[in-house]
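What follows is the content of entry_30.tsv, which has TSV, C-alpha atoms:
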chain	number	residue	atom	x	y	z
A	1	MET	CA	122.05	119.21	128.31
A	2	VAL	CA	119.16	117.18	129.69
A	3	THR	CA	121.04	115.76	132.65
A	4	GLY	CA	120.99	117.69	135.89
A	5	MET	CA	117.62	119.22	135.14
A	6	GLY	CA	114.93	119.86	137.70
A	7	GLN	CA	117.14	121.12	140.50
A	8	ASN	CA	115.85	124.70	140.46
A	9	ILE	CA	112.20	124.34	139.73
A	10	GLY	CA	110.60	126.36	136.94
A	11	VAL	CA	113.24	128.73	135.63
A	12	SER	CA	115.94	126.19	134.80
A	13	VAL	CA	113.42	123.80	133.25
A	14	LYS	CA	112.23	126.58	130.95
A	15	ARG	CA	115.77	127.64	130.10
A	16	ASP	CA	116.95	124.08	129.42
A	17	SER	CA	113.84	123.33	127.37
A	18	LEU	CA	114.36	126.39	125.20
A	19	SER	CA	118.06	125.64	124.71
A	20	VAL	CA	117.13	122.15	123.49
A	21	GLY	CA	114.63	123.88	121.22
A	22	LEU	CA	117.32	126.15	119.77
A	23	ALA	CA	119.93	123.40	119.34
A	24	VAL	CA	117.56	120.95	117.70
A	25	GLY	CA	115.66	123.62	115.78
A	26	ALA	CA	118.92	124.79	114.20
A	27	ALA	CA	119.10	121.42	112.44
A	28	GLY	CA	116.12	122.72	110.46
A	29	VAL	CA	118.70	124.52	108.34
A	30	ALA	CA	119.87	121.09	107.13
A	31	PHE	CA	116.32	120.04	106.32
A	32	GLY	CA	115.58	123.20	104.35
A	33	ALA	CA	118.84	122.80	102.43
A	34	VAL	CA	118.40	119.07	101.77
A	35	ALA	CA	114.80	119.54	100.63
A	36	VAL	CA	115.84	122.15	98.07
A	37	ALA	CA	118.87	120.06	97.02
A	38	ASP	CA	116.41	117.19	96.43
A	39	HIS	CA	114.34	119.38	94.09
A	40	PHE	CA	111.55	120.38	96.47
A	41	THR	CA	110.44	124.02	96.56
A	42	VAL	CA	111.04	126.44	99.43
A	43	ALA	CA	107.27	126.50	100.03
A	44	GLN	CA	107.11	122.70	100.25
A	45	ALA	CA	110.03	122.62	102.71
A	46	CYS	CA	108.31	125.22	104.92
A	47	PHE	CA	104.93	123.48	104.67
A	48	LEU	CA	106.51	120.21	105.85
A	49	SER	CA	108.23	121.84	108.83
A	50	PHE	CA	105.05	123.65	109.86
A	51	VAL	CA	102.39	121.00	109.30
A	52	LEU	CA	104.23	117.65	109.34
A	53	PHE	CA	106.79	118.77	111.96
A	54	SER	CA	108.70	115.54	112.50
A	55	GLY	CA	112.32	115.49	111.30
A	56	ALA	CA	112.70	111.83	110.32
A	57	SER	CA	109.45	111.81	108.32
A	58	GLN	CA	110.36	115.06	106.59
A	59	PHE	CA	113.86	113.91	105.60
A	60	SER	CA	112.58	110.51	104.45
A	61	LEU	CA	109.82	112.00	102.33
A	62	VAL	CA	112.18	114.19	100.31
A	63	ALA	CA	114.85	111.44	100.18
A	64	VAL	CA	112.48	108.76	98.87
A	65	MET	CA	111.07	111.00	96.16
A	66	SER	CA	114.44	112.38	95.09
A	67	SER	CA	115.80	108.83	94.71
A	68	GLY	CA	112.98	108.17	92.23
A	69	GLY	CA	110.36	106.74	94.59
A	70	SER	CA	106.64	107.25	94.01
A	71	ALA	CA	104.48	109.59	96.10
A	72	LEU	CA	102.86	106.51	97.64
A	73	SER	CA	106.15	105.03	98.87
A	74	ALA	CA	107.18	108.44	100.23
A	75	ILE	CA	103.85	108.72	102.08
A	76	VAL	CA	104.06	105.20	103.54
A	77	THR	CA	107.69	105.63	104.65
A	78	GLY	CA	107.00	109.07	106.13
A	79	ALA	CA	103.95	107.83	108.00
A	80	PHE	CA	105.78	104.78	109.37
A	81	LEU	CA	108.60	106.98	110.63
A	82	GLY	CA	106.00	109.25	112.23
A	83	GLY	CA	104.67	106.20	114.05
A	84	ARG	CA	106.78	106.64	117.14
A	85	ASN	CA	105.21	110.06	117.76
A	86	GLY	CA	101.97	108.16	118.26
A	87	LEU	CA	103.66	106.05	120.92
A	88	TYR	CA	104.99	109.24	122.55
A	89	GLY	CA	101.44	110.60	122.48
A	90	VAL	CA	100.22	107.64	124.49
A	91	ARG	CA	102.80	108.42	127.17
A	92	MET	CA	102.33	112.21	127.14
A	93	ALA	CA	98.53	111.95	127.37
A	94	GLN	CA	98.93	110.34	130.80
A	95	ILE	CA	101.10	113.23	131.99
A	96	LEU	CA	99.24	116.14	130.35
A	97	LYS	CA	95.63	114.90	130.74
A	98	LEU	CA	94.22	117.30	128.13
A	99	LYS	CA	90.98	117.56	126.15
A	100	GLY	CA	89.73	119.46	123.10
A	101	ALA	CA	91.83	122.22	121.52
A	102	LYS	CA	94.70	121.90	124.00
A	103	ARG	CA	95.01	118.20	123.22
A	104	ALA	CA	95.00	118.98	119.49
A	105	LEU	CA	97.79	121.53	120.03
A	106	ALA	CA	99.83	119.20	122.25
A	107	ALA	CA	99.58	116.46	119.61
A	108	GLN	CA	101.33	118.64	117.01
A	109	ILE	CA	104.39	119.21	119.22
A	110	THR	CA	104.60	115.58	120.41
A	111	ILE	CA	108.04	114.63	119.06
A	112	ASP	CA	111.32	113.04	120.24
A	113	GLU	CA	112.60	116.10	122.08
A	114	SER	CA	109.44	117.37	123.83
A	115	THR	CA	108.73	113.85	125.10
A	116	GLY	CA	112.37	113.15	126.00
A	117	VAL	CA	112.92	116.33	128.02
A	118	SER	CA	109.52	115.99	129.69
A	119	ILE	CA	109.97	112.44	130.95
A	120	ALA	CA	113.48	113.31	132.17
A	121	GLN	CA	111.90	115.60	134.83
A	122	THR	CA	111.33	114.37	138.35
A	123	ASN	CA	108.04	116.09	139.24
A	124	HIS	CA	104.75	116.48	137.41
A	125	GLU	CA	104.77	120.27	137.16
A	126	ASP	CA	108.22	120.28	135.54
A	127	GLN	CA	107.19	117.49	133.17
A	128	VAL	CA	104.30	119.61	131.87
A	129	THR	CA	106.44	122.77	131.63
A	130	ALA	CA	109.26	120.92	129.85
A	131	PHE	CA	106.86	119.42	127.29
A	132	TRP	CA	105.37	122.77	126.22
A	133	TYR	CA	108.60	124.80	126.30
A	134	THR	CA	110.67	122.19	124.48
A	135	GLY	CA	107.91	121.45	121.97
A	136	PHE	CA	107.24	125.08	121.11
A	137	GLY	CA	110.95	125.94	121.26
A	138	VAL	CA	111.78	123.28	118.68
A	139	PHE	CA	108.74	124.25	116.60
A	140	VAL	CA	109.62	127.94	116.34
A	141	PHE	CA	113.35	127.44	115.63
A	142	TRP	CA	112.83	124.43	113.34
A	143	ASN	CA	110.52	126.47	111.12
A	144	LEU	CA	112.73	129.55	111.13
A	145	PHE	CA	115.84	127.56	110.23
A	146	THR	CA	114.04	125.51	107.57
A	147	LEU	CA	113.29	128.73	105.70
A	148	LEU	CA	116.91	129.96	106.05
A	149	GLY	CA	118.32	126.60	104.89
A	150	ALA	CA	115.97	126.38	101.92
A	151	LEU	CA	116.80	129.90	100.75
A	152	GLY	CA	120.53	129.29	101.35
A	153	ALA	CA	120.61	126.05	99.35
A	154	LYS	CA	118.82	127.75	96.47
A	155	ALA	CA	121.67	130.24	96.38
A	156	ILE	CA	124.62	127.78	96.42
A	157	GLY	CA	123.82	125.51	93.46
A	158	ASP	CA	125.83	122.22	93.46
A	159	THR	CA	124.86	120.85	96.88
A	160	SER	CA	127.33	117.90	96.72
A	161	ALA	CA	130.20	120.39	96.73
A	162	TRP	CA	128.98	121.55	100.15
A	163	GLY	CA	128.39	118.09	101.61
A	164	LEU	CA	124.62	118.52	101.68
A	165	ASP	CA	124.05	115.09	100.07
A	166	VAL	CA	125.53	113.49	103.19
A	167	ALA	CA	123.81	115.72	105.79
A	168	SER	CA	120.66	113.66	105.99
A	169	PRO	CA	122.27	110.18	106.24
A	170	ALA	CA	124.75	111.58	108.82
A	171	ILE	CA	121.83	112.91	110.88
A	172	PHE	CA	120.13	109.50	110.76
A	173	CYS	CA	123.39	107.81	111.80
A	174	ALA	CA	123.49	110.12	114.82
A	175	VAL	CA	119.86	109.29	115.65
A	176	LEU	CA	120.43	105.54	115.30
A	177	PHE	CA	123.88	105.19	116.86
A	178	PRO	CA	123.02	105.48	120.58
A	179	ARG	CA	120.16	102.99	120.19
A	180	LEU	CA	122.28	100.26	118.59
A	181	LYS	CA	123.88	99.22	121.87
A	182	GLU	CA	120.93	96.89	122.27
A	183	ARG	CA	121.77	93.66	120.44
A	184	LYS	CA	118.39	93.09	118.76
A	185	LEU	CA	118.26	96.64	117.46
A	186	LEU	CA	121.78	96.32	116.06
A	187	ILE	CA	120.93	93.06	114.29
A	188	ALA	CA	117.75	94.56	112.81
A	189	SER	CA	119.64	97.67	111.70
A	190	VAL	CA	122.43	95.75	109.95
A	191	LEU	CA	119.95	93.37	108.28
A	192	ALA	CA	117.84	96.30	107.04
A	193	PHE	CA	120.94	98.07	105.71
A	194	ILE	CA	122.18	95.01	103.79
A	195	TRP	CA	118.69	94.05	102.60
A	196	ALA	CA	117.96	97.51	101.19
A	197	LEU	CA	121.23	97.71	99.28
A	198	SER	CA	120.95	94.18	97.91
A	199	ILE	CA	117.51	94.71	96.34
A	200	THR	CA	117.75	98.36	95.29
A	201	GLU	CA	118.63	97.61	91.64
A	202	VAL	CA	115.83	95.09	91.10
A	203	VAL	CA	112.77	96.66	92.79
A	204	PRO	CA	111.04	100.07	92.42
A	205	ALA	CA	112.47	102.95	94.50
A	206	GLY	CA	110.99	103.16	97.99
A	207	VAL	CA	110.46	99.39	98.25
A	208	PRO	CA	113.94	98.72	99.72
A	209	ILE	CA	112.99	100.98	102.65
A	210	ILE	CA	109.35	100.05	103.32
A	211	SER	CA	109.99	96.31	102.94
A	212	THR	CA	112.29	96.33	105.98
A	213	VAL	CA	109.16	96.39	108.16
A	214	VAL	CA	109.20	92.62	107.60
A	215	ILE	CA	112.66	92.49	109.22
A	216	ALA	CA	111.26	94.39	112.24
A	217	ALA	CA	108.44	91.85	112.53
A	218	ILE	CA	110.77	88.83	112.27
A	219	VAL	CA	113.44	90.13	114.67
A	220	GLY	CA	110.82	91.45	117.12
A	221	TRP	CA	108.57	88.38	117.03
A	222	LYS	CA	110.23	86.58	119.97
B	1	MET	CA	98.86	119.48	91.67
B	2	ASN	CA	102.17	117.59	91.25
B	3	SER	CA	103.10	114.37	93.03
B	4	GLN	CA	105.46	116.21	95.40
B	5	TRP	CA	102.65	118.38	96.78
B	6	ILE	CA	100.40	115.33	97.07
B	7	ALA	CA	103.06	113.48	99.10
B	8	VAL	CA	103.76	116.58	101.22
B	9	ILE	CA	100.11	117.19	102.11
B	10	ILE	CA	99.00	113.59	102.65
B	11	THR	CA	102.05	112.66	104.74
B	12	SER	CA	101.53	115.80	106.84
B	13	ILE	CA	97.90	114.90	107.50
B	14	LEU	CA	98.75	111.27	108.33
B	15	CYS	CA	101.59	112.24	110.67
B	16	TYR	CA	99.35	114.65	112.56
B	17	ALA	CA	96.65	111.99	112.78
B	18	ILE	CA	99.19	109.53	114.23
B	19	LYS	CA	100.26	112.06	116.87
B	20	TYR	CA	96.63	112.81	117.78
B	21	ILE	CA	95.58	109.16	117.92
B	22	GLY	CA	98.47	108.52	120.32
B	23	HIS	CA	97.00	111.11	122.69
B	24	ALA	CA	93.50	109.70	122.32
B	25	ILE	CA	93.79	105.88	122.49
B	26	PRO	CA	93.84	103.75	125.62
B	27	GLU	CA	97.40	102.59	126.39
B	28	ILE	CA	96.26	98.97	126.90
B	29	TRP	CA	95.95	98.54	123.11
B	30	LEU	CA	99.69	98.84	122.66
B	31	SER	CA	100.75	97.01	125.79
B	32	HIS	CA	101.29	93.54	124.25
B	33	PRO	CA	105.05	92.85	124.48
B	34	ARG	CA	105.28	91.59	120.87
B	35	VAL	CA	103.54	94.72	119.53
B	36	GLN	CA	105.89	96.85	121.59
B	37	ARG	CA	109.00	95.02	120.40
B	38	ILE	CA	108.01	95.33	116.75
B	39	THR	CA	106.89	98.98	116.96
B	40	ASN	CA	110.19	99.72	118.69
B	41	LEU	CA	112.12	98.12	115.82
B	42	ILE	CA	110.19	99.72	112.93
B	43	PRO	CA	111.85	103.17	113.08
B	44	ILE	CA	115.26	101.48	113.44
B	45	VAL	CA	114.95	99.35	110.28
B	46	LEU	CA	113.39	102.17	108.23
B	47	LEU	CA	116.12	104.63	109.15
B	48	SER	CA	118.87	102.06	108.56
B	49	ALA	CA	117.56	101.30	105.07
B	50	LEU	CA	117.19	105.03	104.43
B	51	VAL	CA	120.85	105.64	105.35
B	52	ALA	CA	121.86	102.83	102.98
B	53	MET	CA	119.84	104.36	100.13
B	54	GLN	CA	120.96	107.94	100.72
B	55	ALA	CA	124.63	107.14	101.19
B	56	PHE	CA	125.19	104.34	98.67
B	57	THR	CA	122.74	104.70	95.79
B	58	THR	CA	122.06	107.20	93.03
B	59	LYS	CA	118.69	106.78	91.34
B	60	THR	CA	118.37	103.21	92.74
B	61	LYS	CA	121.84	102.15	91.46
B	62	PHE	CA	124.37	100.94	94.05
B	63	ILE	CA	127.27	103.44	94.03
B	64	VAL	CA	130.20	104.04	96.38
B	65	ASP	CA	131.50	107.61	96.14
B	66	HIS	CA	132.49	110.66	98.20
B	67	ARG	CA	129.54	110.08	100.53
B	68	LEU	CA	131.27	106.99	102.00
B	69	ALA	CA	134.03	109.25	103.40
B	70	GLY	CA	131.39	111.50	105.00
B	71	ILE	CA	129.56	108.59	106.61
B	72	ALA	CA	132.84	107.07	107.86
B	73	VAL	CA	133.72	110.37	109.56
B	74	ALA	CA	130.22	110.56	111.08
B	75	LEU	CA	130.62	107.07	112.56
B	76	ILE	CA	134.10	107.87	113.94
B	77	ALA	CA	132.74	111.10	115.47
B	78	LEU	CA	129.84	109.21	117.03
B	79	LYS	CA	132.21	106.55	118.40
B	80	ALA	CA	134.29	109.38	119.91
B	81	LYS	CA	131.09	110.75	121.50
B	82	LEU	CA	131.42	114.12	119.76
B	83	PRO	CA	128.33	116.37	119.94
B	84	PHE	CA	125.63	116.18	117.26
B	85	PRO	CA	126.63	119.31	115.27
B	86	ALA	CA	130.27	118.09	115.09
B	87	VAL	CA	129.10	114.74	113.69
B	88	VAL	CA	126.99	116.30	110.95
B	89	ILE	CA	129.37	119.14	110.03
B	90	GLY	CA	132.39	116.76	110.07
B	91	ALA	CA	130.57	114.39	107.70
B	92	MET	CA	129.51	117.21	105.38
B	93	ALA	CA	132.96	118.80	105.25
B	94	THR	CA	134.70	115.47	104.55
B	95	SER	CA	132.24	114.52	101.84
B	96	ALA	CA	132.52	117.94	100.21
B	97	ILE	CA	136.35	117.83	100.23
B	98	VAL	CA	136.48	114.35	98.67
B	99	TYR	CA	133.88	115.40	96.07
B	100	ARG	CA	135.89	118.48	95.10
B	101	LEU	CA	139.24	116.65	94.98
B	102	LYS	CA	137.86	114.08	92.54
B	103	ILE	CA	136.79	116.84	90.16
Please, can you express the file's structure as structure tokens?
Amino acid sequence: MVTGMGQNIGVSVKRDSLSVGLAVGAAGVAFGAVAVADHFTVAQACFLSFVLFSGASQFSLVAVMSSGGSALSAIVTGAFLGGRNGLYGVRMAQILKLKGAKRALAAQITIDESTGVSIAQTNHEDQVTAFWYTGFGVFVFWNLFTLLGALGAKAIGDTSAWGLDVASPAIFCAVLFPRLKERKLLIASVLAFIWALSITEVVPAGVPIISTVVIAAIVGWK
Amino acid sequence: MNSQWIAVIITSILCYAIKYIGHAIPEIWLSHPRVQRITNLIPIVLLSALVAMQAFTTKTKFIVDHRLAGIAVALIALKAKLPFPAVVIGAMATSAIVYRLKI
């Protein structure tokens, strides 16, 4: 989808950006459904997609609280997972060079996809176009599909019978998988996985997840 | 206000603040290689632990059930380089079938 972009300037960048927006935004249906399956309200699911607007943080927040974690551990986990958007912001600021209200607006749509499609472009004009079109494309569809998913899940009842309990971990597997070719990342991932499962029965919920930051620090130290 | 709304609102505010700060801080602050390596690893370990919790625990107890089949199919689909929707839908369908057969 992203490859081969930037050959016809303008039009194809906009079209490709919006198609990424639609494809990724459609996954919002899974978030809406998972949130409701995890005992959040439709309003809370929609609030998260509109204001938080970062898939990993949204999924983790509902997952941590539904597995018995405290609000604090859900907040810390969600904020940590939102951390990479800050790193994307550093990169996008150099490309967009914005101030005031426009910067505040750009910050909200600074996510994996808007940054990814933008930096895949070969010239500055396309990079700027791709950022806004992808960012707003994902935003609009993600919110629309969150509402549909939340209302749908409310209607179907036993979410395990529809595989919804595995939607969120499967999505995270898909996010992680391409990055685990790098040896250090693979080691950190496996360690975190084993660590979390080995302590889950003896520590409060949420701790198995947050405590893996120590693994990141140890593996990343040298 | 219940604890869910508190978590929803505070996390939303923090995540926006993180995005905004990224746009506003000088890049030099994050340029130390060690800081970069660790910040690069943090989302990886958090998501890995989250997958472990979501797929293999129920209310903090370690449990292997129908979800294992779903995750196995997701990993096979990823290995076969199938597109994202196929990975997720394949996992969901498998998990749902195993869940229903057991009942």
Give me, please, the distance in Å between CA of Gly68 in chain A and CA of Lys59 in chain B, quoted to one decimal.
5.9 Å
Output as number ranges by chain the set of chain B residues within 7 Å of chain A, with distances taken over all atoms listed in the file.
B: 3-4, 7-8, 10-12, 14-16, 18-23, 25, 27, 34, 37-38, 41-55, 58-62, 67, 70-71, 74, 78, 84, 88, 91-93, 95-96, 99-100
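CA of Pro85 in chain B to CA of Gly21 in chain A spans 14.2 Å [interatomic distance, one decimal].
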Just to confirm, what's the straight-line distance from CA of Gly32 in chain A to CA of Val140 in chain A in Å (one decimal)?
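Going from CA of Gly32 in chain A over to CA of Val140 in chain A, I get 14.2 Å.
With distances restricted to all atoms listed in the file, A:Leu148 is the closest residue to Gly28 in chain A from A:Leu148, A:Val207, A:Gly137, A:Asp16.
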